[in-house]
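Listing of entry-v1.txt; format and content: compact mmCIF, C-alpha atoms.
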# COMPACT_ATOMS: atom_id res chain seq x y z
CA MET A 1 17.27 -16.89 -7.82
CA LEU A 2 13.72 -15.69 -8.31
CA THR A 3 13.11 -12.49 -10.22
CA LEU A 4 10.04 -10.27 -10.16
CA THR A 5 9.14 -11.16 -13.75
CA SER A 6 5.68 -12.73 -13.87
CA PRO A 7 5.62 -16.36 -15.02
CA VAL A 8 2.16 -15.66 -16.48
CA GLU A 9 2.89 -14.76 -20.11
CA THR A 10 1.05 -11.59 -21.15
CA TRP A 11 0.96 -9.61 -24.38
CA ALA A 12 3.31 -7.09 -22.75
CA HIS A 13 6.04 -9.73 -22.32
CA ARG A 14 6.46 -9.69 -26.10
CA LEU A 15 7.07 -5.92 -26.37
CA PRO A 16 10.69 -4.73 -26.49
CA ALA A 17 12.01 -3.68 -23.06
CA GLY A 18 13.33 -0.33 -24.27
CA ALA A 19 9.91 0.66 -25.63
CA LYS A 20 8.23 -0.26 -22.33
CA LEU A 21 10.74 1.81 -20.35
CA ALA A 22 10.26 4.82 -22.65
CA ALA A 23 6.46 4.54 -22.31
CA LEU A 24 6.84 4.25 -18.55
CA ALA A 25 8.95 7.41 -18.41
CA LEU A 26 6.29 9.31 -20.39
CA ALA A 27 3.42 7.96 -18.28
CA THR A 28 5.17 8.78 -15.00
CA THR A 29 5.93 12.32 -16.16
CA GLY A 30 2.26 12.65 -17.10
CA LEU A 31 1.18 11.50 -13.64
CA PHE A 32 3.29 14.18 -12.01
CA LEU A 33 1.78 16.86 -14.28
CA LEU A 34 -1.78 15.86 -13.34
CA ALA A 35 -3.06 17.65 -10.24
CA SER A 36 -6.79 16.88 -10.13
CA PRO A 37 -7.74 13.82 -8.05
CA TRP A 38 -10.39 12.91 -10.64
CA ALA A 39 -7.87 12.78 -13.47
CA LEU A 40 -5.54 10.74 -11.28
CA ALA A 41 -8.39 8.38 -10.37
CA GLY A 42 -8.93 7.91 -14.11
CA ALA A 43 -5.26 7.05 -14.52
CA ALA A 44 -5.48 4.59 -11.60
CA LEU A 45 -8.52 2.89 -13.17
CA ALA A 46 -6.71 2.66 -16.51
CA THR A 47 -3.79 1.01 -14.68
CA VAL A 48 -6.13 -1.53 -13.07
CA ALA A 49 -7.53 -2.27 -16.53
CA LEU A 50 -3.98 -2.67 -17.86
CA TYR A 51 -3.24 -5.27 -15.18
CA LEU A 52 -6.53 -7.10 -15.87
CA THR A 53 -5.55 -7.61 -19.52
CA GLY A 54 -2.95 -10.01 -18.12
CA GLY A 55 -5.60 -12.12 -16.41
CA GLY A 56 -6.72 -12.57 -12.80
CA ARG A 57 -3.62 -14.31 -11.46
CA PHE A 58 -1.31 -11.68 -12.99
CA ALA A 59 -3.42 -8.84 -11.53
CA ARG A 60 -3.45 -10.45 -8.06
CA THR A 61 0.37 -10.74 -8.08
CA GLY A 62 0.54 -7.11 -9.17
CA ALA A 63 -1.68 -6.07 -6.26
CA ARG A 64 0.54 -7.99 -3.86
CA HIS A 65 3.60 -6.08 -5.10
CA LEU A 66 1.89 -2.85 -3.98
CA TRP A 67 1.51 -4.06 -0.41
CA PRO A 68 4.82 -2.54 0.88
CA LEU A 69 3.28 0.90 0.26
CA TRP A 70 0.68 0.51 3.00
CA PRO A 71 2.59 2.38 5.76
CA PHE A 72 2.88 5.43 3.49
CA VAL A 73 -0.79 5.20 2.50
CA ALA A 74 -1.76 4.97 6.19
CA VAL A 75 0.43 7.90 7.27
CA VAL A 76 -0.55 10.21 4.40
CA GLY A 77 -4.21 9.21 4.72
CA LEU A 78 -4.31 10.00 8.44
CA TRP A 79 -2.38 13.22 7.88
CA HIS A 80 -4.88 14.51 5.33
CA LEU A 81 -7.86 13.40 7.43
CA TRP A 82 -6.32 15.40 10.27
CA THR A 83 -5.78 18.52 8.13
CA ALA A 84 -9.15 17.96 6.38
CA ASP A 85 -7.50 18.25 2.94
CA LEU A 86 -9.14 15.19 1.42
CA SER A 87 -8.77 15.98 -2.28
CA GLY A 88 -5.07 16.84 -1.83
CA GLY A 89 -4.47 13.56 0.01
CA ALA A 90 -6.38 11.57 -2.59
CA ALA A 91 -4.28 13.12 -5.38
CA ILE A 92 -0.99 12.30 -3.63
CA LEU A 93 -1.96 8.71 -2.84
CA LEU A 94 -3.46 7.98 -6.26
CA ARG A 95 -0.39 9.40 -7.99
CA MET A 96 2.00 7.42 -5.79
CA VAL A 97 0.21 4.08 -6.08
CA THR A 98 -0.39 4.46 -9.83
CA ALA A 99 3.24 5.43 -10.54
CA VAL A 100 4.54 2.43 -8.57
CA ALA A 101 1.98 0.09 -10.17
CA LEU A 102 2.92 1.20 -13.70
CA ALA A 103 6.63 0.70 -12.99
CA ASN A 104 5.91 -2.71 -11.44
CA PHE A 105 3.96 -3.62 -14.58
CA VAL A 106 7.08 -3.06 -16.70
CA THR A 107 9.20 -5.10 -14.26
CA MET A 108 6.64 -7.92 -14.19
CA THR A 109 6.51 -8.18 -17.97
CA THR A 110 10.24 -7.90 -18.73
CA ARG A 111 12.82 -10.64 -18.26
CA LEU A 112 15.92 -9.85 -16.22
CA SER A 113 18.20 -10.59 -19.18
CA GLU A 114 16.29 -8.14 -21.42
CA MET A 115 16.39 -5.43 -18.77
CA LEU A 116 20.14 -5.90 -18.23
CA ALA A 117 20.65 -5.76 -22.00
CA VAL A 118 18.89 -2.36 -22.04
CA PHE A 119 21.14 -1.12 -19.22
CA GLU A 120 24.23 -2.35 -21.05
CA HIS A 121 23.01 -0.57 -24.17
CA LEU A 122 22.36 2.65 -22.23
CA ALA A 123 25.88 2.42 -20.75
CA ARG A 124 27.41 2.35 -24.28
CA PRO A 125 28.35 6.06 -24.28
CA LEU A 126 30.41 5.38 -21.14
CA SER A 127 32.39 2.61 -22.86
CA PRO A 128 35.80 4.37 -22.67
CA LEU A 129 35.37 4.43 -18.88
CA LEU A 130 33.30 1.30 -18.49
CA PRO A 131 33.85 -1.37 -21.14
CA PRO A 132 30.52 -3.15 -21.83
CA ARG A 133 32.08 -6.56 -21.20
CA ARG A 134 33.23 -5.50 -17.78
CA LEU A 135 29.71 -4.30 -16.86
CA ALA A 136 28.18 -7.58 -18.05
CA LEU A 137 30.76 -9.52 -16.04
CA ALA A 138 29.99 -7.44 -12.93
CA PHE A 139 26.24 -8.19 -13.24
CA ALA A 140 26.97 -11.89 -13.64
CA LEU A 141 29.35 -11.97 -10.67
CA VAL A 142 26.81 -10.36 -8.32
CA ILE A 143 24.02 -12.71 -9.42
CA ARG A 144 26.31 -15.73 -8.98
CA PHE A 145 27.69 -14.71 -5.61
CA ILE A 146 24.45 -13.80 -3.81
CA PRO A 147 23.44 -17.46 -3.23
CA VAL A 148 27.07 -18.36 -2.40
CA MET A 149 27.20 -15.64 0.26
CA LEU A 150 23.78 -16.55 1.65
CA ASP A 151 25.04 -20.12 2.18
CA ARG A 152 28.24 -18.85 3.76
CA MET A 153 26.26 -16.59 6.10
CA ALA A 154 24.16 -19.59 7.20
CA GLN A 155 27.34 -21.62 7.84
CA ILE A 156 28.87 -18.83 9.92
CA GLU A 157 25.71 -18.57 12.01
CA ALA A 158 25.55 -22.34 12.46
CA SER A 159 29.14 -22.51 13.68
CA TRP A 160 28.45 -19.60 16.03
CA ARG A 161 25.51 -21.49 17.50
CA ALA A 162 27.64 -24.61 17.91
CA ARG A 163 30.12 -22.65 20.02
CA ALA A 164 28.02 -20.14 21.94
CA PRO A 165 24.76 -20.32 23.85
CA ARG A 166 23.94 -16.72 22.92
CA ARG A 167 22.33 -15.72 19.64
CA PRO A 168 24.73 -14.51 16.95
CA ARG A 169 24.72 -10.74 16.70
CA TRP A 170 26.79 -8.31 14.66
CA ARG A 171 29.94 -10.41 15.22
CA VAL A 172 28.90 -12.81 12.42
CA LEU A 173 29.35 -9.88 10.04
CA VAL A 174 33.12 -9.78 10.48
CA PRO A 175 33.80 -13.27 9.05
CA ALA A 176 31.17 -12.57 6.37
CA VAL A 177 32.96 -9.42 5.20
CA LEU A 178 36.35 -11.17 5.38
CA ALA A 179 34.97 -14.02 3.28
CA ALA A 180 33.67 -11.53 0.71
CA LEU A 181 37.12 -9.90 0.53
CA ASP A 182 38.82 -13.30 0.15
CA ASP A 183 36.37 -14.35 -2.57
CA ALA A 184 37.05 -11.09 -4.39
CA ASP A 185 40.80 -11.76 -4.35
CA ARG A 186 40.39 -15.34 -5.54
CA VAL A 187 37.97 -14.47 -8.33
CA ALA A 188 40.31 -11.68 -9.45
CA GLU A 189 43.16 -14.18 -9.64
CA ALA A 190 41.00 -16.65 -11.55
CA LEU A 191 39.96 -13.94 -14.02
CA ARG A 192 43.57 -12.89 -14.57
CA ALA A 193 44.58 -16.48 -15.13
CA ARG A 194 41.92 -16.70 -17.84
CA GLY A 195 43.06 -13.62 -19.70
CA GLY A 196 41.57 -10.76 -17.69
CA ALA A 197 38.20 -9.09 -17.48
CA ASP A 198 38.18 -7.51 -20.95
CA MET B 1 41.97 -3.93 -12.32
CA GLU B 2 40.35 -7.36 -11.94
CA ARG B 3 40.65 -6.89 -8.19
CA ASN B 4 38.72 -3.63 -8.35
CA LEU B 5 35.98 -5.26 -10.37
CA THR B 6 35.62 -8.28 -8.11
CA HIS B 7 35.65 -6.18 -4.93
CA ILE B 8 32.89 -3.98 -6.32
CA ALA B 9 30.84 -7.00 -7.42
CA LEU B 10 31.31 -8.95 -4.18
CA PHE B 11 30.32 -5.98 -2.04
CA ALA B 12 27.26 -5.40 -4.21
CA ALA B 13 26.36 -9.03 -3.42
CA LEU B 14 27.06 -8.37 0.26
CA ILE B 15 24.56 -5.47 0.34
CA ALA B 16 21.98 -7.80 -1.19
CA VAL B 17 22.72 -10.60 1.28
CA LEU B 18 22.46 -8.21 4.23
CA GLY B 19 18.97 -7.26 3.03
CA LEU B 20 17.90 -10.86 2.39
CA ILE B 21 18.98 -12.61 5.58
CA PRO B 22 16.17 -12.90 8.09
CA LYS B 23 16.61 -10.01 10.46
CA ILE B 24 19.55 -10.83 12.68
CA ASP B 25 19.49 -9.37 16.16
CA LEU B 26 22.12 -6.77 15.49
CA ALA B 27 21.92 -5.50 19.02
CA ALA B 28 20.12 -7.03 21.98
CA GLY B 29 16.51 -7.61 20.95
CA VAL B 30 16.44 -5.00 18.16
CA PRO B 31 15.75 -6.87 14.93
CA ILE B 32 16.62 -4.50 12.09
CA THR B 33 17.45 -5.21 8.51
CA ALA B 34 21.10 -4.73 7.79
CA GLN B 35 20.88 -3.29 4.28
CA SER B 36 21.89 0.26 5.11
CA LEU B 37 24.68 -1.26 7.19
CA GLY B 38 25.91 -2.78 3.92
CA ILE B 39 25.97 0.70 2.37
CA MET B 40 28.05 1.99 5.29
CA LEU B 41 30.47 -0.97 5.11
CA CYS B 42 30.97 -0.38 1.37
CA GLY B 43 32.27 3.07 2.26
CA THR B 44 34.32 2.17 5.33
CA VAL B 45 35.94 -0.95 3.82
CA LEU B 46 36.19 -0.23 0.07
CA GLY B 47 36.61 3.53 0.20
CA ALA B 48 34.79 6.28 -1.68
CA ARG B 49 35.01 5.33 -5.36
CA ARG B 50 34.75 1.55 -5.14
CA GLY B 51 32.13 1.79 -2.41
CA ALA B 52 29.88 4.04 -4.49
CA LEU B 53 30.32 1.84 -7.57
CA ALA B 54 29.37 -1.27 -5.57
CA VAL B 55 26.16 0.46 -4.46
CA LEU B 56 25.38 1.59 -8.03
CA LEU B 57 25.85 -1.97 -9.28
CA PHE B 58 23.51 -3.24 -6.58
CA LEU B 59 20.86 -0.61 -7.49
CA ALA B 60 21.13 -1.49 -11.20
CA LEU B 61 20.30 -5.11 -10.41
CA VAL B 62 17.39 -4.01 -8.20
CA ALA B 63 16.05 -1.83 -11.03
CA ALA B 64 16.48 -4.70 -13.47
CA GLY B 65 13.98 -6.75 -11.47
CA LEU B 66 15.78 -8.64 -8.70
CA PRO B 67 13.93 -8.42 -5.36
CA LEU B 68 17.06 -7.51 -3.39
CA LEU B 69 15.89 -4.59 -1.27
CA SER B 70 15.04 -5.51 2.31
CA GLY B 71 11.56 -7.00 2.51
CA GLY B 72 11.99 -8.53 -0.95
CA ARG B 73 11.24 -5.31 -2.82
CA GLY B 74 12.71 -4.54 -6.20
CA GLY B 75 12.03 -3.61 -9.80
CA ILE B 76 11.57 -0.14 -11.26
CA GLY B 77 8.58 0.42 -8.96
CA VAL B 78 10.78 1.14 -5.94
CA PHE B 79 12.23 4.11 -7.86
CA ALA B 80 8.70 5.50 -8.32
CA GLY B 81 7.81 5.07 -4.64
CA PRO B 82 8.21 7.40 -1.67
CA SER B 83 11.60 5.99 -0.61
CA VAL B 84 13.26 6.83 -3.93
CA GLY B 85 15.29 9.57 -2.23
CA PHE B 86 16.97 7.05 0.03
CA LEU B 87 17.83 4.85 -2.98
CA VAL B 88 19.31 7.79 -4.90
CA GLY B 89 21.19 8.76 -1.75
CA PHE B 90 22.69 5.26 -1.22
CA PRO B 91 25.67 5.63 -3.62
CA VAL B 92 26.33 9.20 -2.46
CA ALA B 93 26.19 8.03 1.16
CA ALA B 94 28.74 5.27 0.44
CA PHE B 95 30.95 7.76 -1.38
CA VAL B 96 30.91 10.32 1.45
CA THR B 97 31.45 7.58 4.07
CA GLY B 98 34.46 6.30 2.13
CA TRP B 99 35.78 9.80 1.42
CA PHE B 100 35.75 10.63 5.12
CA MET B 101 37.31 7.27 6.00
CA GLU B 102 40.13 7.80 3.50
CA ARG B 103 40.99 11.25 4.79
CA THR B 104 40.99 10.86 8.55
CA THR B 105 43.73 9.39 10.68
CA LEU B 106 41.41 8.59 13.60
CA SER B 107 41.33 5.02 14.91
CA PRO B 108 39.25 2.70 12.69
CA MET B 109 36.43 2.44 15.25
CA VAL B 110 35.99 6.20 15.65
CA ALA B 111 36.64 6.97 11.99
CA ALA B 112 34.22 4.34 10.67
CA THR B 113 31.45 5.26 13.11
CA ALA B 114 31.82 8.97 12.40
CA ALA B 115 32.04 8.37 8.65
CA SER B 116 28.89 6.21 8.77
CA VAL B 117 27.02 8.86 10.74
CA ILE B 118 28.04 11.60 8.30
CA GLY B 119 27.58 9.60 5.08
CA GLY B 120 25.16 6.82 5.95
CA ILE B 121 22.85 8.97 8.06
CA GLY B 122 23.50 12.69 7.40
CA VAL B 123 23.89 12.63 3.62
CA LEU B 124 21.45 9.75 3.13
CA TYR B 125 18.68 11.48 5.07
CA VAL B 126 19.09 14.72 3.10
CA PHE B 127 18.33 12.76 -0.08
CA GLY B 128 15.67 10.62 1.57
CA ILE B 129 13.82 13.57 3.07
CA ILE B 130 13.85 15.56 -0.18
CA GLY B 131 12.54 12.49 -2.03
CA MET B 132 9.79 11.86 0.47
CA SER B 133 8.79 15.50 0.49
CA VAL B 134 8.40 15.48 -3.32
CA MET B 135 6.68 12.08 -3.57
CA LEU B 136 4.26 12.61 -0.70
CA GLY B 137 3.65 16.34 -1.25
CA LYS B 138 4.83 17.31 2.22
CA THR B 139 7.08 20.11 3.41
CA LEU B 140 10.71 19.21 4.20
CA GLY B 141 9.99 19.53 7.91
CA GLU B 142 7.06 17.13 7.73
CA ALA B 143 9.08 14.64 5.65
CA ALA B 144 11.95 14.87 8.17
CA PHE B 145 9.47 14.07 10.94
CA LEU B 146 8.27 10.98 9.02
CA SER B 147 11.86 9.79 8.40
CA ALA B 148 12.85 10.19 12.04
CA ALA B 149 11.33 6.76 12.78
CA PHE B 150 14.38 5.10 11.17
CA LEU B 151 16.93 7.20 13.02
CA PRO B 152 17.48 5.02 16.14
CA GLY B 153 18.02 1.90 14.01
CA ASP B 154 20.46 3.71 11.73
CA ALA B 155 22.39 5.08 14.70
CA VAL B 156 22.86 1.50 15.97
CA LYS B 157 24.01 0.47 12.49
CA ALA B 158 26.62 3.25 12.36
CA VAL B 159 28.13 1.96 15.62
CA ILE B 160 28.07 -1.62 14.28
CA ALA B 161 29.78 -0.44 11.08
CA GLY B 162 32.45 1.01 13.36
CA LEU B 163 32.79 -2.23 15.35
CA VAL B 164 33.00 -4.40 12.22
CA THR B 165 35.54 -2.08 10.61
CA GLN B 166 37.64 -2.05 13.78
CA SER B 167 37.61 -5.87 13.97
CA LEU B 168 38.68 -6.07 10.32
CA ALA B 169 41.49 -3.60 10.98
CA ARG B 170 42.72 -5.67 13.91
CA MET B 171 42.42 -9.08 12.30
CA ARG B 172 43.78 -8.10 8.91
CA PRO B 173 44.91 -4.49 8.50
CA ALA B 174 45.42 -4.92 4.75
CA SER B 175 41.72 -5.68 4.29
CA LEU B 176 40.71 -2.04 4.83
CA LEU B 177 41.10 -0.86 1.26
CA SER B 178 39.85 2.57 2.29
CA ARG B 179 43.03 2.96 4.33
CA ALA B 180 45.38 1.34 1.83
Can I see the file as structure tokens?
Amino acid sequence: MLTLTSPVETWAHRLPAGAKLAALALATTGLFLLASPWALAGAALATVALYLTGGGRFARTGARHLWPLWPFVAVVGLWHLWTADLSGGAAILLRMVTAVALANFVTMTTRLSEMLAVFEHLARPLSPLLPPRRLALAFALVIRFIPVMLDRMAQIEASWRARAPRRPRWRVLVPAVLAALDDADRVAEALRARGGAD
Amino acid sequence: MERNLTHIALFAALIAVLGLIPKIDLAAGVPITAQSLGIMLCGTVLGARRGALAVLLFLALVAAGLPLLSGGRGGIGVFAGPSVGFLVGFPVAAFVTGWFMERTTLSPMVAATAASVIGGIGVLYVFGIIGMSVMLGKTLGEAAFLSAAFLPGDAVKAVIAGLVTQSLARMRPASLLSRA
């Protein structure tokens, strides 16, 4: 399965994931403390510069990841045009886009395995409740079963189409959920047979 | 114990799959993504605790960088965006849906639909609206107005969650772990 990590190697890929997350937390807190649109515009420009250090292709991918924000930008922009509060609107939009872009930068420069390792490390204090091995196994199971379930969903839809002239609707969800429950039982049995989850 | 773990993991995968499949026509001619339906089903099928844990596991993988949210979104950026309230509300919504499901003796159809409306819409929107109000600098009323666009789709999904849960109860009563 594809992850959001950029295949273009940048200098930031070599930094430890924990350090990047800590820096991101600080930077995001800073963004929410800034109120002036000029200061926020400065932060936005700095973020653009940060992306450009990774090269043109990296920066273009980063820009594409911001695209899902456009409905919010449109709504807030129109709202503030309507209420004639332009500097307030600019501050909100700059803060939102910059915060998302900074977080995306960390995601784009960190491998999935490194990020999961940080999560497992952060979950250490919970280990009496949640043994680290069990958490790692849960992550692995989800990642393994997403493609399996996508295939199964396609099969269920295909067999529906073979039987019915109408398009499959919510009814395909029932066999999909049953299949997930069956898989869960079988995997649990297989895990037990191999000595359990811990 | 292994069964708990695999149920949680498989339902986390189910939430992801429901967000990834090209929009199925859930009801006549209304293409909507089924992700929040997955949240409701976690509650109505798995129950409160397991349902909420399945959602948390799913969110952890999203945060780690898998593009599993509907529309192929993912990474830490989604937690810095305006819909962060809905994401934070997801596990709570699954918990409340499951809690209600576990404690009512209504028929599965009525119980699951009502539980999905209370948890998957009521509770979820409280979180979503607060989040949007903070991130977009709007009053709660204005944020509620902006969120109302999703309401019709989510109402349809609550009914579908009820229908799916009822079918499961009829075909295999033991499969409703929330009622076990």
Next item on the list: Find the distance between CA of Leu94 in chain A and CA of Arg111 in chain A and write it in Å to one decimal.
Entry: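 Straight-line distance from CA of Leu94 in chain A to CA of Arg111 in chain A works out to 27.5 Å.
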Item checked: Using only C-alpha atoms: which of A:Ala193, A:Ala164, A:Ala25, A:Leu33 has the shortest distance to Gly77 in chain B ->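 Ranking A:Ala193, A:Ala164, A:Ala25, A:Leu33 by distance to Gly77 in chain B, first place goes to A:Ala25.
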Margin query: Near chain B, meaning an atom within 7 Å, which residues of chain A appear when counting all atoms listed in the file? Write them as a VMD selection string.
Written below: chain A and resid 3 to 5 92 96 99 to 101 103 to 104 107 112 115 to 116 138 141 to 142 145 to 146 149 to 150 169 to 170 173 to 174 180 to 181 184 to 185 187 to 188 191 to 192 196 to 197
Notebook entry, point to check: Which value, in Å to one decimal, gives the distance between CA of Ala179 in chain A and CA of Ser113 in chain A?
Noted result: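 Computing the Euclidean distance for CA of Ala179 in chain A and CA of Ser113 in chain A yields 28.2 Å.
Residues within 12 Å of Trp79 in chain A, counting only C-alpha atoms and excluding same-chain residues fewer than 2 positions away, are Phe72, Val73, Ala74, Val75, Val76, Gly77, Leu81, Trp82, Thr83, Ala84, Asp85, Leu86, Gly88, Gly89, Ala90, Ile92 and Leu93 of chain A; Leu136, Gly137, Lys138, Glu142, Ala143 and Leu146 of chain B.
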Check: Which is closest to Ala158 in chain A among A:Thr10, A:Val172, A:Arg95, A:Leu34, if we use only C-alpha atoms?
Finding: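 Between A:Thr10, A:Val172, A:Arg95, A:Leu34, the residue approaching Ala158 in chain A most closely is A:Val172.
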Margin query: Please compute the CA of Thr113 in chain B-CA of Val177 in chain A distance, one decimal, in Å.
Written below: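 Rounded to one decimal, the two atoms are 16.7 Å apart.
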Notebook entry, point to check: Hey, what's within 7 Å of Val55 in chain B if we count only C-alpha atoms and toss same-chain stuff fewer than 5 positions away? As a list in words, please?
Noted result: Ala12, Ile39, Phe90 and Pro91 of chain B
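Counting all atoms listed in the file, Ile129 in chain B has the following residues at most 6 Å away, ignoring those fewer than 4 positions along the same chain: Tyr125, Ser133, Ala143 and Ala144 of chain B.
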Writer output for current selection, C-alpha atoms, as a PDB file, keeping the file's coordinate frame:
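For reference, part36.pdb as written:
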ATOM      1  CA  TYR B 125      18.680  11.480   5.070  1.00  0.00           C
ATOM      2  CA  SER B 133       8.790  15.500   0.490  1.00  0.00           C
ATOM      3  CA  ALA B 143       9.080  14.640   5.650  1.00  0.00           C
ATOM      4  CA  ALA B 144      11.950  14.870   8.170  1.00  0.00           C
TER       5      ALA B 144
END
Checklist line | 7 Å contact set for Thr44 in chain B, only C-alpha atoms, chain neighbours under 6 positions out, as JSON, numbers by chain | finding: {"B": [97, 98, 101, 112, 165, 178]}
Keeping only C-alpha atoms, take the residues you just selected and write them out as a PDB file, keeping the file's coordinate frame.
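Written file, part05.pdb:
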ATOM      1  CA  THR B  97      31.450   7.580   4.070  1.00  0.00           C
ATOM      2  CA  GLY B  98      34.460   6.300   2.130  1.00  0.00           C
ATOM      3  CA  MET B 101      37.310   7.270   6.000  1.00  0.00           C
ATOM      4  CA  ALA B 112      34.220   4.340  10.670  1.00  0.00           C
ATOM      5  CA  THR B 165      35.540  -2.080  10.610  1.00  0.00           C
ATOM      6  CA  SER B 178      39.850   2.570   2.290  1.00  0.00           C
TER       7      SER B 178
END
